[in-house]
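Shown here: coords.cif, mmCIF, C-alpha atoms and all ligand atoms.
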data_protein
#
loop_
_atom_site.label_atom_id
_atom_site.label_comp_id
_atom_site.auth_asym_id
_atom_site.auth_seq_id
_atom_site.Cartn_x
_atom_site.Cartn_y
_atom_site.Cartn_z
CA MET A 1 0.00 0.00 0.00
CA ASP A 2 2.71 2.49 1.01
CA THR A 3 4.87 1.92 -2.03
CA SER A 4 6.73 5.21 -1.53
CA LEU A 5 8.23 3.79 1.65
CA ARG A 6 9.63 0.68 0.11
CA GLU A 7 11.41 2.73 -2.53
CA ARG A 8 13.10 4.91 0.06
CA ALA A 9 16.74 4.24 0.86
CA PRO A 10 17.89 4.31 4.47
CA VAL A 11 20.29 7.13 5.41
CA LYS A 12 23.90 6.53 4.41
CA GLY A 13 25.91 4.98 7.22
CA ARG A 14 24.42 4.09 10.56
CA PRO A 15 23.10 7.17 12.46
CA PRO A 16 25.05 7.85 15.67
CA PHE A 17 22.24 6.64 17.99
CA ARG A 18 20.84 3.21 18.73
CA ARG A 19 17.42 4.18 20.02
CA ALA A 20 15.25 7.20 19.25
CA VAL A 21 12.07 8.61 20.77
CA VAL A 22 9.67 10.18 18.27
CA THR A 23 6.92 12.27 19.85
CA GLY A 24 3.99 12.66 17.45
CA GLY A 25 5.19 9.49 15.71
CA CYS A 26 1.67 8.42 14.72
CA GLY A 27 1.18 11.59 12.68
CA PHE A 28 1.88 12.23 9.04
CA VAL A 29 5.53 13.35 9.21
CA GLY A 30 6.30 11.44 12.44
CA SER A 31 5.26 8.06 11.04
CA HIS A 32 7.52 8.52 7.99
CA LEU A 33 10.34 9.41 10.39
CA CYS A 34 9.71 6.22 12.38
CA ASP A 35 9.98 4.28 9.11
CA LEU A 36 13.21 5.97 8.06
CA LEU A 37 14.78 5.42 11.49
CA LEU A 38 13.84 1.73 11.55
CA ASP A 39 15.06 1.31 7.97
CA SER A 40 18.33 2.89 9.14
CA ASP A 41 18.64 0.33 11.93
CA VAL A 42 17.60 2.62 14.81
CA GLU A 43 15.13 1.36 17.46
CA VAL A 44 12.06 3.58 17.83
CA LEU A 45 9.83 4.46 20.76
CA CYS A 46 6.89 6.38 19.33
CA ILE A 47 5.01 8.54 21.84
CA ASP A 48 1.63 9.85 20.74
CA ASN A 49 -1.74 10.60 22.31
CA LEU A 50 -3.53 9.97 18.96
CA LEU A 51 -5.07 13.44 19.06
CA THR A 52 -4.58 14.20 15.36
CA GLY A 53 -2.64 11.09 14.34
CA THR A 54 -3.64 7.45 14.13
CA ALA A 55 -2.05 4.14 15.07
CA ASP A 56 -2.92 3.01 11.52
CA ASN A 57 0.07 5.05 10.35
CA VAL A 58 2.46 2.76 12.21
CA VAL A 59 0.47 -0.48 12.16
CA HIS A 60 2.86 -2.01 9.59
CA ARG A 61 5.68 -1.58 12.17
CA ARG A 62 3.91 -3.23 15.07
CA PRO A 63 5.33 -6.73 14.39
CA ASP A 64 8.89 -5.33 14.49
CA ASP A 65 10.25 -5.74 18.04
CA ARG A 66 12.54 -2.72 17.48
CA PHE A 67 9.37 -0.58 17.38
CA GLU A 68 7.27 0.38 20.39
CA LEU A 69 4.20 2.62 20.64
CA MET A 70 3.43 4.41 23.91
CA VAL A 71 0.07 6.18 23.97
CA HIS A 72 0.83 9.20 26.10
CA ASP A 73 0.15 12.94 26.17
CA VAL A 74 3.45 14.81 26.17
CA THR A 75 1.96 17.60 28.26
CA ASP A 76 2.36 15.04 31.09
CA PRO A 77 5.91 14.18 32.19
CA ILE A 78 7.58 11.48 30.11
CA SER A 79 9.17 8.61 32.01
CA ILE A 80 10.70 5.71 30.10
CA PRO A 81 13.28 3.09 30.94
CA GLY A 82 16.47 2.49 28.99
CA GLU A 83 18.95 4.38 26.94
CA VAL A 84 17.82 7.01 24.41
CA GLY A 85 20.25 8.67 21.98
CA LEU A 86 17.83 10.94 20.16
CA VAL A 87 14.55 12.70 20.95
CA LEU A 88 12.66 13.94 17.91
CA HIS A 89 9.88 16.21 19.12
CA LEU A 90 7.06 16.45 16.61
CA ALA A 91 3.98 16.18 18.82
CA SER A 92 1.69 19.10 18.04
CA PRO A 93 -1.53 19.71 16.16
CA ALA A 94 -0.21 21.00 12.84
CA SER A 95 -2.97 21.67 10.33
CA PRO A 96 -4.90 24.95 10.61
CA GLN A 97 -8.12 23.00 11.04
CA ASP A 98 -6.66 21.15 14.04
CA TYR A 99 -5.02 24.02 15.85
CA LEU A 100 -7.96 26.39 15.30
CA ARG A 101 -10.23 23.79 16.91
CA LEU A 102 -7.69 23.04 19.70
CA PRO A 103 -6.18 26.44 20.54
CA VAL A 104 -5.34 25.87 24.21
CA GLN A 105 -4.14 22.31 23.69
CA THR A 106 -1.88 23.49 20.88
CA LEU A 107 -0.29 26.06 23.19
CA GLN A 108 0.02 23.49 25.99
CA THR A 109 1.70 20.98 23.69
CA GLY A 110 4.11 23.59 22.36
CA SER A 111 5.00 24.79 25.85
CA ARG A 112 4.60 22.06 28.50
CA GLY A 113 4.99 19.30 25.94
CA THR A 114 8.26 20.78 24.71
CA PHE A 115 9.57 21.19 28.27
CA ASN A 116 8.76 17.52 28.98
CA ALA A 117 10.46 16.34 25.79
CA LEU A 118 13.48 18.51 26.62
CA GLU A 119 13.59 17.09 30.14
CA LEU A 120 13.65 13.59 28.67
CA ALA A 121 16.59 14.54 26.44
CA ARG A 122 18.35 16.11 29.41
CA GLU A 123 17.83 13.04 31.61
CA LYS A 124 19.01 10.64 28.88
CA ARG A 125 21.81 12.93 27.62
CA ALA A 126 20.23 12.58 24.18
CA ARG A 127 20.36 14.77 21.11
CA PHE A 128 17.08 16.74 20.87
CA VAL A 129 15.50 17.94 17.64
CA LEU A 130 12.50 20.27 17.67
CA ALA A 131 10.17 20.15 14.67
CA SER A 132 9.46 23.84 14.27
CA THR A 133 7.77 25.41 11.31
CA SER A 134 7.95 28.06 8.62
CA GLU A 135 4.94 29.56 10.44
CA VAL A 136 7.41 31.16 12.87
CA TYR A 137 8.02 33.60 9.98
CA GLY A 138 4.29 34.51 10.02
CA ASP A 139 3.27 36.57 6.99
CA PRO A 140 6.87 37.21 5.96
CA LEU A 141 8.18 40.63 4.97
CA GLN A 142 11.39 39.03 3.65
CA HIS A 143 11.44 36.69 0.71
CA PRO A 144 12.69 34.02 0.50
CA GLN A 145 12.89 33.33 4.24
CA ARG A 146 16.31 32.77 5.75
CA GLU A 147 16.89 31.43 9.24
CA SER A 148 18.09 34.86 10.37
CA TYR A 149 14.66 36.43 9.71
CA TRP A 150 12.63 36.99 12.91
CA GLY A 151 9.22 36.86 11.29
CA ASN A 152 6.01 38.83 11.18
CA VAL A 153 3.51 37.11 13.48
CA ASN A 154 0.25 38.54 14.80
CA PRO A 155 0.32 37.41 18.47
CA VAL A 156 -3.45 37.71 18.88
CA GLY A 157 -4.59 36.45 15.47
CA PRO A 158 -6.31 33.05 15.19
CA ARG A 159 -3.13 31.34 13.91
CA SER A 160 -1.07 32.67 16.81
CA VAL A 161 -1.82 29.57 18.92
CA TYR A 162 0.34 27.55 16.57
CA ASP A 163 2.88 30.17 15.48
CA GLU A 164 3.58 31.42 18.99
CA ALA A 165 3.60 27.90 20.47
CA LYS A 166 6.37 27.03 18.02
CA ARG A 167 8.21 30.29 18.68
CA PHE A 168 8.02 29.52 22.41
CA ALA A 169 9.21 25.96 21.75
CA GLU A 170 12.21 27.36 19.87
CA ALA A 171 12.99 29.65 22.82
CA ALA A 172 12.65 26.76 25.30
CA THR A 173 14.94 24.59 23.16
CA THR A 174 17.52 27.36 23.02
CA ALA A 175 17.32 27.87 26.80
CA TYR A 176 17.87 24.15 27.50
CA ARG A 177 20.92 24.29 25.30
CA SER A 178 22.42 27.34 27.01
CA GLU A 179 21.36 26.65 30.61
CA HIS A 180 21.43 22.84 30.77
CA GLY A 181 23.88 22.01 27.99
CA VAL A 182 21.42 19.78 26.13
CA ASP A 183 22.56 18.96 22.60
CA THR A 184 19.64 20.57 20.76
CA ALA A 185 18.68 21.41 17.22
CA ILE A 186 15.75 23.23 15.63
CA VAL A 187 14.43 22.42 12.16
CA ARG A 188 11.95 24.79 10.54
CA ILE A 189 9.82 22.63 8.30
CA PHE A 190 8.03 24.22 5.36
CA ASN A 191 4.86 22.77 3.81
CA THR A 192 5.30 19.04 3.41
CA PHE A 193 2.96 16.67 1.62
CA GLY A 194 2.67 12.98 0.90
CA PRO A 195 0.86 9.75 1.77
CA ARG A 196 -0.79 9.59 5.25
CA MET A 197 -2.00 13.18 5.24
CA ARG A 198 -5.61 13.27 6.29
CA ALA A 199 -8.08 13.99 3.50
CA ALA A 200 -10.04 16.48 5.61
CA ASP A 201 -7.23 18.24 7.45
CA GLY A 202 -7.82 21.48 5.54
CA ARG A 203 -4.35 21.77 3.99
CA ALA A 204 -4.24 22.62 0.29
CA VAL A 205 -2.79 19.38 -1.12
CA PRO A 206 -5.14 16.85 0.54
CA THR A 207 -8.10 19.18 0.06
CA PHE A 208 -7.50 19.49 -3.68
CA ILE A 209 -6.82 15.77 -4.06
CA ARG A 210 -9.95 14.80 -2.13
CA GLN A 211 -12.06 17.20 -4.19
CA ALA A 212 -10.50 16.16 -7.51
CA LEU A 213 -11.02 12.45 -6.80
CA ALA A 214 -14.63 13.06 -5.72
CA GLY A 215 -15.31 15.21 -8.80
CA GLU A 216 -16.17 18.17 -6.55
CA PRO A 217 -15.05 21.76 -7.26
CA LEU A 218 -11.47 22.47 -6.12
CA THR A 219 -11.84 25.34 -3.66
CA VAL A 220 -9.06 27.90 -4.15
CA THR A 221 -8.88 30.55 -1.44
CA GLY A 222 -8.70 34.23 -2.45
CA ASP A 223 -7.61 34.65 -6.07
CA GLY A 224 -5.12 31.79 -5.68
CA SER A 225 -2.08 34.01 -6.30
CA GLN A 226 -0.64 33.32 -2.81
CA THR A 227 2.32 30.96 -3.02
CA ARG A 228 3.37 27.77 -1.28
CA SER A 229 6.59 25.79 -1.47
CA LEU A 230 5.81 22.11 -1.22
CA CYS A 231 8.29 19.47 -0.16
CA TYR A 232 7.67 15.75 -0.53
CA VAL A 233 7.70 13.95 2.82
CA ASP A 234 10.58 11.59 1.94
CA ASP A 235 12.81 14.63 1.43
CA THR A 236 11.63 16.28 4.65
CA VAL A 237 12.31 13.26 6.87
CA ARG A 238 15.70 12.72 5.25
CA GLY A 239 16.54 16.33 6.13
CA ILE A 240 15.36 15.95 9.73
CA LEU A 241 17.53 12.88 10.19
CA ALA A 242 20.54 14.60 8.57
CA VAL A 243 20.25 17.39 11.14
CA ALA A 244 19.70 14.89 13.96
CA ALA A 245 22.85 12.98 13.03
CA ALA A 246 24.98 16.15 13.13
CA SER A 247 25.75 18.52 15.99
CA HIS A 248 24.52 21.78 14.45
CA PRO A 249 22.00 23.66 16.67
CA GLY A 250 20.03 25.25 13.83
CA PRO A 251 17.58 26.66 13.21
CA VAL A 252 17.69 25.01 9.81
CA ASN A 253 15.09 25.54 7.09
CA LEU A 254 13.87 22.32 5.46
CA GLY A 255 11.64 22.80 2.46
CA ASN A 256 11.45 22.95 -1.28
CA PRO A 257 12.33 26.36 -2.73
CA ALA A 258 10.22 25.65 -5.84
CA GLU A 259 7.39 28.12 -5.35
CA THR A 260 3.95 27.58 -6.80
CA THR A 261 0.75 29.60 -6.56
CA VAL A 262 -2.22 27.92 -4.94
CA LEU A 263 -4.12 28.25 -8.22
CA GLU A 264 -1.31 26.52 -10.16
CA LEU A 265 -1.32 23.75 -7.56
CA ALA A 266 -5.08 23.25 -7.98
CA HIS A 267 -4.67 22.96 -11.76
CA LEU A 268 -1.79 20.51 -11.37
CA VAL A 269 -3.70 18.25 -8.96
CA ARG A 270 -6.68 18.33 -11.31
CA LYS A 271 -4.50 17.32 -14.24
CA LEU A 272 -2.53 14.60 -12.45
CA SER A 273 -5.68 13.01 -11.06
CA GLY A 274 -7.42 13.13 -14.43
CA SER A 275 -10.33 15.07 -12.93
CA ALA A 276 -12.69 17.35 -14.83
CA ALA A 277 -13.83 19.08 -11.62
CA PRO A 278 -14.09 22.88 -11.86
CA ILE A 279 -12.09 25.39 -9.79
CA GLU A 280 -14.12 27.49 -7.34
CA PHE A 281 -12.83 30.60 -5.57
CA VAL A 282 -13.70 30.97 -1.86
CA ASP A 283 -12.75 33.43 0.93
CA ARG A 284 -9.17 33.46 2.14
CA PRO A 285 -8.62 32.67 5.86
CA VAL A 286 -7.51 35.45 8.24
CA ASP A 287 -3.69 35.95 8.39
CA ASP A 288 -3.13 33.41 5.60
CA PRO A 289 0.52 33.95 4.58
CA GLY A 290 0.92 35.55 1.15
CA ARG A 291 4.29 34.11 0.20
CA ARG A 292 6.39 31.22 1.33
CA ARG A 293 9.75 30.04 0.07
CA PRO A 294 12.61 28.67 2.12
CA ASP A 295 16.20 29.71 1.61
CA ILE A 296 17.89 26.32 2.07
CA THR A 297 21.51 27.44 1.66
CA LEU A 298 22.30 26.44 5.25
CA ALA A 299 20.84 22.92 4.89
CA TRP A 300 22.79 22.42 1.67
CA GLU A 301 26.09 23.78 2.96
CA GLN A 302 25.99 22.09 6.38
CA PHE A 303 24.27 18.80 5.61
CA GLY A 304 24.40 18.45 1.83
CA TRP A 305 20.61 18.33 1.94
CA LYS A 306 18.20 19.46 -0.73
CA PRO A 307 14.88 18.08 -1.93
CA GLU A 308 15.34 15.41 -4.57
CA THR A 309 11.81 14.28 -5.37
CA ASP A 310 10.24 15.78 -8.46
CA PRO A 311 7.10 17.57 -7.15
CA ARG A 312 4.96 16.05 -9.91
CA LYS A 313 6.12 12.55 -8.99
CA GLY A 314 5.47 13.28 -5.30
CA LEU A 315 2.00 14.56 -6.12
CA SER A 316 1.22 11.55 -8.32
CA THR A 317 2.32 9.15 -5.56
CA THR A 318 0.17 11.04 -3.06
CA ILE A 319 -2.87 11.06 -5.36
CA GLN A 320 -2.42 7.33 -5.89
CA TRP A 321 -2.26 6.75 -2.14
CA PHE A 322 -5.45 8.76 -1.54
CA ALA A 323 -7.23 6.92 -4.35
CA THR A 324 -6.29 3.58 -2.77
CA GLN A 325 -7.52 4.73 0.63
CA LEU A 326 -10.84 5.88 -0.82
CA ASN A 327 -11.32 2.58 -2.64
CA GLU A 328 -10.56 0.59 0.51
CA THR A 329 -12.99 2.69 2.54
CA ALA A 330 -15.67 2.28 -0.10
CA ALA A 331 -15.07 -1.49 -0.20
CA ARG A 332 -15.39 -1.71 3.61
CA GLU A 333 -18.67 0.22 3.52
CA ARG A 334 -20.19 -2.00 0.84
P1 LIG A 401 0.07 15.47 12.49
O1 LIG A 401 -1.13 16.11 13.12
O2 LIG A 401 -0.17 14.47 11.41
O3 LIG A 401 1.01 14.82 13.58
C1 LIG A 401 1.14 15.33 14.87
C2 LIG A 401 1.12 14.16 15.83
O4 LIG A 401 1.31 14.65 17.17
C3 LIG A 401 -0.20 13.41 15.82
O5 LIG A 401 0.03 12.02 15.70
C4 LIG A 401 -0.83 13.76 17.17
O6 LIG A 401 -1.69 12.77 17.66
C5 LIG A 401 0.39 13.99 18.03
N1 LIG A 401 0.15 14.86 19.19
C6 LIG A 401 -0.43 16.08 19.22
N2 LIG A 401 -0.47 16.56 20.47
C7 LIG A 401 0.13 15.62 21.26
C8 LIG A 401 0.38 15.52 22.65
N3 LIG A 401 0.04 16.50 23.50
N4 LIG A 401 0.99 14.41 23.12
C9 LIG A 401 1.35 13.40 22.29
N5 LIG A 401 1.12 13.44 20.95
C10 LIG A 401 0.52 14.54 20.45
O7 LIG A 401 0.97 16.67 11.93
P2 LIG A 401 2.23 16.62 10.97
O8 LIG A 401 1.90 17.33 9.74
O9 LIG A 401 2.76 15.25 10.90
O10 LIG A 401 3.25 17.53 11.80
C11 LIG A 401 4.22 16.95 12.66
C12 LIG A 401 5.13 18.03 13.19
O11 LIG A 401 5.81 18.68 12.12
C13 LIG A 401 4.40 19.09 13.99
O12 LIG A 401 5.18 19.48 15.09
C14 LIG A 401 4.31 20.23 12.99
O13 LIG A 401 4.26 21.47 13.64
C15 LIG A 401 5.58 20.06 12.20
N6 LIG A 401 5.43 20.63 10.85
C16 LIG A 401 4.72 19.99 9.88
C17 LIG A 401 4.58 20.58 8.63
C18 LIG A 401 3.81 19.91 7.52
O14 LIG A 401 3.74 20.46 6.42
N7 LIG A 401 3.22 18.74 7.72
C19 LIG A 401 5.13 21.83 8.37
C20 LIG A 401 5.83 22.47 9.41
C21 LIG A 401 5.98 21.85 10.63
#
Could you rewrite the structure in this file as structure tokens?
Amino acid sequence: MDTSLRERAPVKGRPPFRRAVVTGGCGFVGSHLCDLLLDSDVEVLCIDNLLTGTADNVVHRRPDDRFELMVHDVTDPISIPGEVGLVLHLASPASPQDYLRLPVQTLQTGSRGTFNALELAREKRARFVLASTSEVYGDPLQHPQRESYWGNVNPVGPRSVYDEAKRFAEAATTAYRSEHGVDTAIVRIFNTFGPRMRAADGRAVPTFIRQALAGEPLTVTGDGSQTRSLCYVDDTVRGILAVAAASHPGPVNLGNPAETTVLELAHLVRKLSGSAAPIEFVDRPVDDPGRRRPDITLAWEQFGWKPETDPRKGLSTTIQWFATQLNETAARER
């Protein structure tokens, strides 16, 4: 079913840790990270409260005794036996639909949850990697966005619960590094897409794919001239692991600098899925960023990382995955 995974090569050389904790490991990005770690011969303890993720995303790993799932809310202290060499902290609602419906929980996860994950790394003397986001740049006044840019975030706008939670998490990570000497890193992930996204999570790619496959109008917000830079998930997780295996503190941008307008994306999804569905223009959400494009010079120079998947191929694989899911659901309901 997940053919993209089987085609993915493990990272070159064995990563310098034997066992990793992945918070949010049942989510979209986290589950691909669990796969890449296991394929690279690293044991994985996945910690997730299944708030926005699902155990289905890791079910294919359950028979592997190097994989363990702990259902736990990271806003509660994390206590686990044994050695841990790496803590990858991804737990957080991440799609606008999720964090707008869970504003307080999003802030709690970004603050308390991050402190608890940092405490775990401190106790285990593990490398710690925070999954931050391009949203820390808000509606950017600099383009493309470099790591040195401080951002343009509305602290009382609806999206602030996510943006400010991540900005706080970055500050907490930095403080644990300076005050407690924890070996930390921050990655700022730009829009990522691929199999295991949820069809109804409100993000542009799954929304367009769901609509195209159902023959419904593809709803483009505003006039569709706002841009996104979309990175295929295999590239994103490879970048996260490259940063984890090094000693650089970041922040490091991880994303695809190929910029596309939302309208172009809608047309491309329509074409690749062979759909004749029309495009429909709807209102644009409040504080929706106008432009997004990562400057990935740092990731390239420090880690030799850049996206390698052709966006069209990534989109086709994702469309195929969604089509399979829809068929399986339909078959179950018959
Ligand atoms: P997701 O919603 O699919 O995954 C998040 C996971 O975290 C889910 O499995 C959820 O159940 C879990 N979780 C949430 N709160 C938790 C808590 N309190 N305790 C334990 N588990 C909890 O989202 P995603 O797209 O996979 O994003 C993963 C991470 O990457 C997030 O931190 C997100 O901010 C970051 N990120 C993602 C993108 C992207 O394009 N997908 C872009 C930038 C940053």
Which residues of chain A come within 8 Å of ligand LIG 401 (chain A), and for each one, what is the closest pair of atoms and their distance in Å to one decimal, counting only C-alpha atoms and all ligand atoms, sorted by chain and residue number, as a Markdown table?
| residue | atom | partner | partner_atom | distance |
| --- | --- | --- | --- | --- |
| A:Thr23 | CA | A:LIG401 | N5 | 6.0 |
| A:Gly24 | CA | A:LIG401 | O4 | 3.3 |
| A:Gly25 | CA | A:LIG401 | O5 | 5.7 |
| A:Cys26 | CA | A:LIG401 | O5 | 4.1 |
| A:Gly27 | CA | A:LIG401 | O5 | 3.3 |
| A:Phe28 | CA | A:LIG401 | O9 | 3.7 |
| A:Val29 | CA | A:LIG401 | O9 | 3.8 |
| A:Gly30 | CA | A:LIG401 | O9 | 5.4 |
| A:Ser31 | CA | A:LIG401 | O9 | 7.6 |
| A:Ile47 | CA | A:LIG401 | C9 | 6.1 |
| A:Asp48 | CA | A:LIG401 | N5 | 3.6 |
| A:Asn49 | CA | A:LIG401 | C9 | 4.2 |
| A:Leu50 | CA | A:LIG401 | O6 | 3.6 |
| A:Leu51 | CA | A:LIG401 | O6 | 3.7 |
| A:Thr52 | CA | A:LIG401 | O6 | 4.0 |
| A:Gly53 | CA | A:LIG401 | O5 | 3.1 |
| A:Thr54 | CA | A:LIG401 | O5 | 6.1 |
| A:Val71 | CA | A:LIG401 | C9 | 7.5 |
| A:His72 | CA | A:LIG401 | C9 | 5.7 |
| A:Asp73 | CA | A:LIG401 | N4 | 3.5 |
| A:Val74 | CA | A:LIG401 | N4 | 3.9 |
| A:Thr75 | CA | A:LIG401 | N3 | 5.2 |
| A:His89 | CA | A:LIG401 | O12 | 7.0 |
| A:Leu90 | CA | A:LIG401 | O12 | 3.9 |
| A:Ala91 | CA | A:LIG401 | O4 | 3.5 |
| A:Ser92 | CA | A:LIG401 | C6 | 3.9 |
| A:Pro93 | CA | A:LIG401 | O1 | 4.7 |
| A:Ala94 | CA | A:LIG401 | O13 | 4.6 |
| A:Ser95 | CA | A:LIG401 | O1 | 6.5 |
| A:Asp98 | CA | A:LIG401 | O1 | 7.5 |
| A:Gln105 | CA | A:LIG401 | N3 | 7.2 |
| A:Thr106 | CA | A:LIG401 | N2 | 7.1 |
| A:Gln108 | CA | A:LIG401 | N3 | 7.4 |
| A:Thr109 | CA | A:LIG401 | N3 | 4.8 |
| A:Gly113 | CA | A:LIG401 | N3 | 6.2 |
| A:Leu130 | CA | A:LIG401 | O12 | 7.8 |
| A:Ala131 | CA | A:LIG401 | O12 | 5.1 |
| A:Ser132 | CA | A:LIG401 | C21 | 5.4 |
| A:Thr133 | CA | A:LIG401 | C20 | 4.0 |
| A:Ser134 | CA | A:LIG401 | C20 | 6.0 |
| A:Glu135 | CA | A:LIG401 | C20 | 7.2 |
| A:Tyr162 | CA | A:LIG401 | O13 | 7.8 |
| A:Lys166 | CA | A:LIG401 | O13 | 7.4 |
| A:Arg188 | CA | A:LIG401 | C20 | 6.6 |
| A:Ile189 | CA | A:LIG401 | C20 | 4.1 |
| A:Phe190 | CA | A:LIG401 | C19 | 4.8 |
| A:Asn191 | CA | A:LIG401 | O14 | 3.7 |
| A:Thr192 | CA | A:LIG401 | O14 | 3.7 |
| A:Phe193 | CA | A:LIG401 | O14 | 6.2 |
| A:Arg196 | CA | A:LIG401 | O2 | 7.9 |
| A:Met197 | CA | A:LIG401 | O2 | 6.6 |
| A:Arg198 | CA | A:LIG401 | O2 | 7.6 |
Write a file of the just-selected residues containing C-alpha atoms, as a short mmCIF file (atom, residue, chain, number, x, y, z; two decimals), in the frame of the given file.
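Ended up saving to selection-v3.cif:
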data_model
loop_
_atom_site.label_atom_id
_atom_site.label_comp_id
_atom_site.auth_asym_id
_atom_site.auth_seq_id
_atom_site.Cartn_x
_atom_site.Cartn_y
_atom_site.Cartn_z
CA THR A 23 6.92 12.27 19.85
CA GLY A 24 3.99 12.66 17.45
CA GLY A 25 5.19 9.49 15.71
CA CYS A 26 1.67 8.42 14.72
CA GLY A 27 1.18 11.59 12.68
CA PHE A 28 1.88 12.23 9.04
CA VAL A 29 5.53 13.35 9.21
CA GLY A 30 6.30 11.44 12.44
CA SER A 31 5.26 8.06 11.04
CA ILE A 47 5.01 8.54 21.84
CA ASP A 48 1.63 9.85 20.74
CA ASN A 49 -1.74 10.60 22.31
CA LEU A 50 -3.53 9.97 18.96
CA LEU A 51 -5.07 13.44 19.06
CA THR A 52 -4.58 14.20 15.36
CA GLY A 53 -2.64 11.09 14.34
CA THR A 54 -3.64 7.45 14.13
CA VAL A 71 0.07 6.18 23.97
CA HIS A 72 0.83 9.20 26.10
CA ASP A 73 0.15 12.94 26.17
CA VAL A 74 3.45 14.81 26.17
CA THR A 75 1.96 17.60 28.26
CA HIS A 89 9.88 16.21 19.12
CA LEU A 90 7.06 16.45 16.61
CA ALA A 91 3.98 16.18 18.82
CA SER A 92 1.69 19.10 18.04
CA PRO A 93 -1.53 19.71 16.16
CA ALA A 94 -0.21 21.00 12.84
CA SER A 95 -2.97 21.67 10.33
CA ASP A 98 -6.66 21.15 14.04
CA GLN A 105 -4.14 22.31 23.69
CA THR A 106 -1.88 23.49 20.88
CA GLN A 108 0.02 23.49 25.99
CA THR A 109 1.70 20.98 23.69
CA GLY A 113 4.99 19.30 25.94
CA LEU A 130 12.50 20.27 17.67
CA ALA A 131 10.17 20.15 14.67
CA SER A 132 9.46 23.84 14.27
CA THR A 133 7.77 25.41 11.31
CA SER A 134 7.95 28.06 8.62
CA GLU A 135 4.94 29.56 10.44
CA TYR A 162 0.34 27.55 16.57
CA LYS A 166 6.37 27.03 18.02
CA ARG A 188 11.95 24.79 10.54
CA ILE A 189 9.82 22.63 8.30
CA PHE A 190 8.03 24.22 5.36
CA ASN A 191 4.86 22.77 3.81
CA THR A 192 5.30 19.04 3.41
CA PHE A 193 2.96 16.67 1.62
CA ARG A 196 -0.79 9.59 5.25
CA MET A 197 -2.00 13.18 5.24
CA ARG A 198 -5.61 13.27 6.29
#
| task | Between A:Ala245, A:Val129, A:Val252, A:Ile279, single out the one closest to Thr297 of chain A, counting all atoms listed in the file. | result |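 Of A:Ala245, A:Val129, A:Val252, A:Ile279, the one nearest Thr297 of chain A is A:Val252, counting all atoms listed in the file.
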| request: Provide the atom CA of Leu268 of chain A to atom CA of Gly290 of chain A distance in Å, to one decimal place. | output: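 Calculated distance between atom CA of Leu268 of chain A and atom CA of Gly290 of chain A is 19.8 Å.
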| Using only C-alpha atoms, which residue out of A:Val156, A:Ala20, A:Ala169, A:Leu107 lies closest to Asp41 of chain A? |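 Selected residue with least distance to Asp41 of chain A: A:Ala20.
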| field | Residue with smallest distance to Pro289 of chain A - pool A:Val44, A:Val153, A:Ile209, A:Ala204, counting only C-alpha atoms | value |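 So, comparing all the options, the nearest one is A:Val153.
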| message | as a ChimeraX atom specification, please: the residues near segment 114-124 of chain A (cut-off 9 Å, only C-alpha atoms, same-chain neighbours under 4 positions excluded). | response | /A:23,74-80,82-89,91,108-110,128,130,169,172-173,176,180-184
Would you tabulate, counting all atoms listed in the file, all residues of segment 184-301 of chain A that have an atom at most 9 Å from an atom of segment 310-333 of chain A, showing the closest pair of atoms and their distance in Å to one decimal, sorted by chain then ascending number, as a tab-separated table?
residue	atom	partner	partner_atom	distance
A:Phe193	CA	A:Thr318	CA	7.8
A:Gly194	CA	A:Thr318	CA	5.1
A:Pro195	CA	A:Thr318	CA	5.0
A:Arg196	CA	A:Trp321	CA	8.1
A:Met197	CA	A:Phe322	CA	8.8
A:Ala199	CA	A:Phe322	CA	7.7
A:Val205	CA	A:Leu315	CA	8.4
A:Pro206	CA	A:Phe322	CA	8.4
A:Ile209	CA	A:Ile319	CA	6.3
A:Arg210	CA	A:Phe322	CA	7.6
A:Leu213	CA	A:Ala323	CA	7.1
A:Leu230	CA	A:Pro311	CA	7.6
A:Cys231	CA	A:Pro311	CA	7.3
A:Tyr232	CA	A:Gly314	CA	5.8
A:Val233	CA	A:Gly314	CA	8.4
A:Ala258	CA	A:Pro311	CA	8.8
A:Leu268	CA	A:Arg312	CA	8.2
A:Val269	CA	A:Leu315	CA	7.4
A:Leu272	CA	A:Ser316	CA	6.4
A:Ser273	CA	A:Ile319	CA	6.6
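The two atoms in question, atom CA of Met70 of chain A and atom CA of Val58 of chain A, are spaced 11.9 Å apart.
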Can you sort out segment 74-79 of chain A so it carries N, CA and C atoms, written as a CSV table (one decimal), keeping the file's coordinate frame?
chain,number,residue,atom,x,y,z
A,74,VAL,N,2.2,14.3,25.8
A,74,VAL,CA,3.4,14.8,26.2
A,74,VAL,C,3.3,16.0,27.1
A,75,THR,N,2.1,16.5,27.3
A,75,THR,CA,2.0,17.6,28.3
A,75,THR,C,2.1,17.0,29.7
A,76,ASP,N,2.0,15.7,29.8
A,76,ASP,CA,2.4,15.0,31.1
A,76,ASP,C,3.8,14.6,31.0
A,77,PRO,N,4.5,14.6,32.2
A,77,PRO,CA,5.9,14.2,32.2
A,77,PRO,C,6.1,12.8,31.5
A,78,ILE,N,7.3,12.7,30.9
A,78,ILE,CA,7.6,11.5,30.1
A,78,ILE,C,8.6,10.7,30.9
A,79,SER,N,8.2,9.5,31.3
A,79,SER,CA,9.2,8.6,32.0
A,79,SER,C,9.3,7.3,31.3
